[in-house]
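Q: The following block contains the structure, expressed as structure tokens.
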Amino acid sequence: MRLNHHRAGHLLSAYLDGELSPQDAAGVQEHLLDCAACREAYERLRTTKALLGELPPAEPPAEFWAALRAPQAPPRRRTAGRAPAAPDVSIWRGLTIVRRPAWALAAILLVVALAATPLIKGTVDRLHATEIGVDLYVREHAIQMGTGPLADRAYLGLVATDADLVLVGETPRAGAAGP
Amino acid sequence: MQAASYTPEELARYEAIVQRYARHVYNIAYRMAGNEADARDLSQEAFLRVYRALRRVEPGAPLESWLYRIVSNLYIDLLRKRPRHRVESLDVPLETARGELARELPDAAANPEAIFEREQIDSTIQRALGALSEELRMVAVLSDIEGFSYEEIATILHVPLGTVKSRLHRARQILQERLRPYVEARRRGWEP
């Protein structure tokens, strides 16, 4: 079968690889005898293929092989040189505290005490502040609003801690226990 | 991990699969990604999948197609996950307001002596591969570096045979342009 130049050109690679039907291969072969341009193109393709085929295999680095070996084995994720028993040891190190309950309890109590101290102290301080705050308010109020501090029952009551004080010259209120 | 319950025989089988395929998987990943870190990640992820599916893998069954398809898919996923690193294929013309512009790669053989250095050749070929679109690169790697047949490549990549044929031809045409100094030197009789 006679092939035209264009068609033969497209088949050159497959011809080179022996991947053509016998009929097409014969057609290309016949064309090559007549066509210098296609012979030239064929030679260049052949040389290109040879150059690629001569590339040395890429050499994998050493760690590549180590990573492929048994992905489930613990040593793979460990640093090099560590004994395979290393994971067990580290697990027991983590659990050592459980084997000494007294120390564990003491440590927990210490942590709780350290954490709670500022909380408790803060609450006590706030309670103090509340008491003093009211007291201060009443004193201030009495001093500012009263005609005279000693004539103000609220102030005197506050000072003497007795709300039922009788001022000088005042008649005792009904029901109030008086002298 | 559920796999922790593998029997010693199953683990031995996994080790055998690693021994048999790891170099090829790594090589394909390296030639696709073009760097060691990505090649390592891709290969390790591929074998992690093998490991997880170990009980479903028939003992002694050929795993090439499956494994290389995993690598190929992982590589495509990797590209998708990196939108910031815009992947531009150098064989696609650059669109500008004044029309299309062809890109010009620096001439790797500006220094004639460099042509004969193996390392220089390898890195130039790797750069030329990296300049292909990932579709063309995958076909070129599987065919010309790993030596798979068109039918095997079609199975690995889940594409029709005709697609393999046309992609490979296109990839080689681009590569031979990029590697022209080396191709010409070889044709003049130089052997490395």
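Residue numbering restarts at 1 in every chain; chains get A, B, ... in the order shown in the structure tokens, and ligands count up from 1 in that same order.
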Show me, as a list in words, the residues that have an atom within 7 Å of region 125-139 of chain B when counting only C-alpha atoms, minus same-chain residues fewer than 2 positions from it.
A: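 Using only C-alpha atoms, the neighbours found are Arg31, Met32, Gly34, Ser89, Leu90, Asp91, Ile121, Asp122, Ser123, Val141, Leu142, Ser143, Val164, Arg167, Leu168, Ala171, Leu175 and Arg178 of chain B.
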Q: With C-alpha atoms kept, could you save the residues just selected as a short mmCIF file (atom, residue, chain, number, x, y, z; two decimals), in the first residue's frame?
A:
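again-v8.cif, freshly written:
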```cif
data_model
loop_
_atom_site.label_atom_id
_atom_site.label_comp_id
_atom_site.auth_asym_id
_atom_site.auth_seq_id
_atom_site.Cartn_x
_atom_site.Cartn_y
_atom_site.Cartn_z
CA ARG B 31 11.12 11.63 35.42
CA MET B 32 7.57 13.00 35.68
CA GLY B 34 11.70 16.28 37.80
CA SER B 89 3.85 23.76 28.93
CA LEU B 90 6.69 25.16 26.89
CA ASP B 91 5.50 23.48 23.72
CA ILE B 121 22.98 15.38 28.80
CA ASP B 122 20.83 13.92 31.54
CA SER B 123 19.82 17.26 32.96
CA VAL B 141 8.47 8.29 30.03
CA LEU B 142 6.50 5.05 29.88
CA SER B 143 7.53 4.28 26.31
CA VAL B 164 -0.95 6.76 22.85
CA ARG B 167 0.86 11.59 21.88
CA LEU B 168 4.11 9.70 21.65
CA ALA B 171 6.26 14.16 22.31
CA LEU B 175 11.90 16.44 22.25
CA ARG B 178 14.73 20.58 22.12
#
```
Q: Which residues are near Leu3 (chain A)? Cut-off 9 Å, only C-alpha atoms, ignore same chain within fewer than 3 positions. Put them as an MDAnalysis selection string.
A: chainID A and resid 6:8 24 27:28 30:31
Q: Could you work out which residues of chain A fall inside 6 Å of chain B? Count only C-alpha atoms, and format the result as an NGL selection string.
A: :A and (13 or 47-49 or 52-53 or 57-58 or 72)
Q: Check the smallest atom-to-atom distance from each of A:Val124, A:Ala67, A:Leu12, A:Val111 to Arg46 (chain A) using only C-alpha atoms, then report the winner.
A: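 Checking each of A:Val124, A:Ala67, A:Leu12, A:Val111 against Arg46 (chain A), counting only C-alpha atoms, the winner is A:Leu12.
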Q: I'd like the contact shell of Leu63 (chain B) - 10 Å cut-off, only C-alpha atoms, skipping same-chain residues fewer than 6 positions apart - returned as a list in words.
A: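 Once the adjacent positions are removed, what remains is Ile17, Arg20, Tyr21, Val50, Val57 and Arg69 of chain B.
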Q: Next, the residues of the selection above should be written as a PDB file, in the first residue's frame with N, CA and C atoms.
A:
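Generated output (again09.pdb):
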```pdb
ATOM      1  N   ILE B  17       6.943  -6.978  46.898  1.00  0.00           N
ATOM      2  CA  ILE B  17       6.406  -6.009  45.919  1.00  0.00           C
ATOM      3  C   ILE B  17       7.294  -4.766  45.883  1.00  0.00           C
ATOM      4  N   ARG B  20      10.474  -5.470  44.077  1.00  0.00           N
ATOM      5  CA  ARG B  20      10.310  -5.657  42.636  1.00  0.00           C
ATOM      6  C   ARG B  20      10.002  -4.363  41.888  1.00  0.00           C
ATOM      7  N   TYR B  21       9.190  -3.502  42.495  1.00  0.00           N
ATOM      8  CA  TYR B  21       8.681  -2.362  41.726  1.00  0.00           C
ATOM      9  C   TYR B  21       9.200  -0.986  42.156  1.00  0.00           C
ATOM     10  N   VAL B  50      -0.623   0.508  48.098  1.00  0.00           N
ATOM     11  CA  VAL B  50      -0.417  -0.937  47.907  1.00  0.00           C
ATOM     12  C   VAL B  50      -0.545  -1.629  49.263  1.00  0.00           C
ATOM     13  N   VAL B  57      -4.768  -7.692  46.851  1.00  0.00           N
ATOM     14  CA  VAL B  57      -3.823  -7.944  45.755  1.00  0.00           C
ATOM     15  C   VAL B  57      -3.575  -9.443  45.654  1.00  0.00           C
ATOM     16  N   ARG B  69      -0.331   3.447  37.183  1.00  0.00           N
ATOM     17  CA  ARG B  69      -1.507   4.310  37.071  1.00  0.00           C
ATOM     18  C   ARG B  69      -1.673   5.125  38.361  1.00  0.00           C
TER      19      ARG B  69
END
```
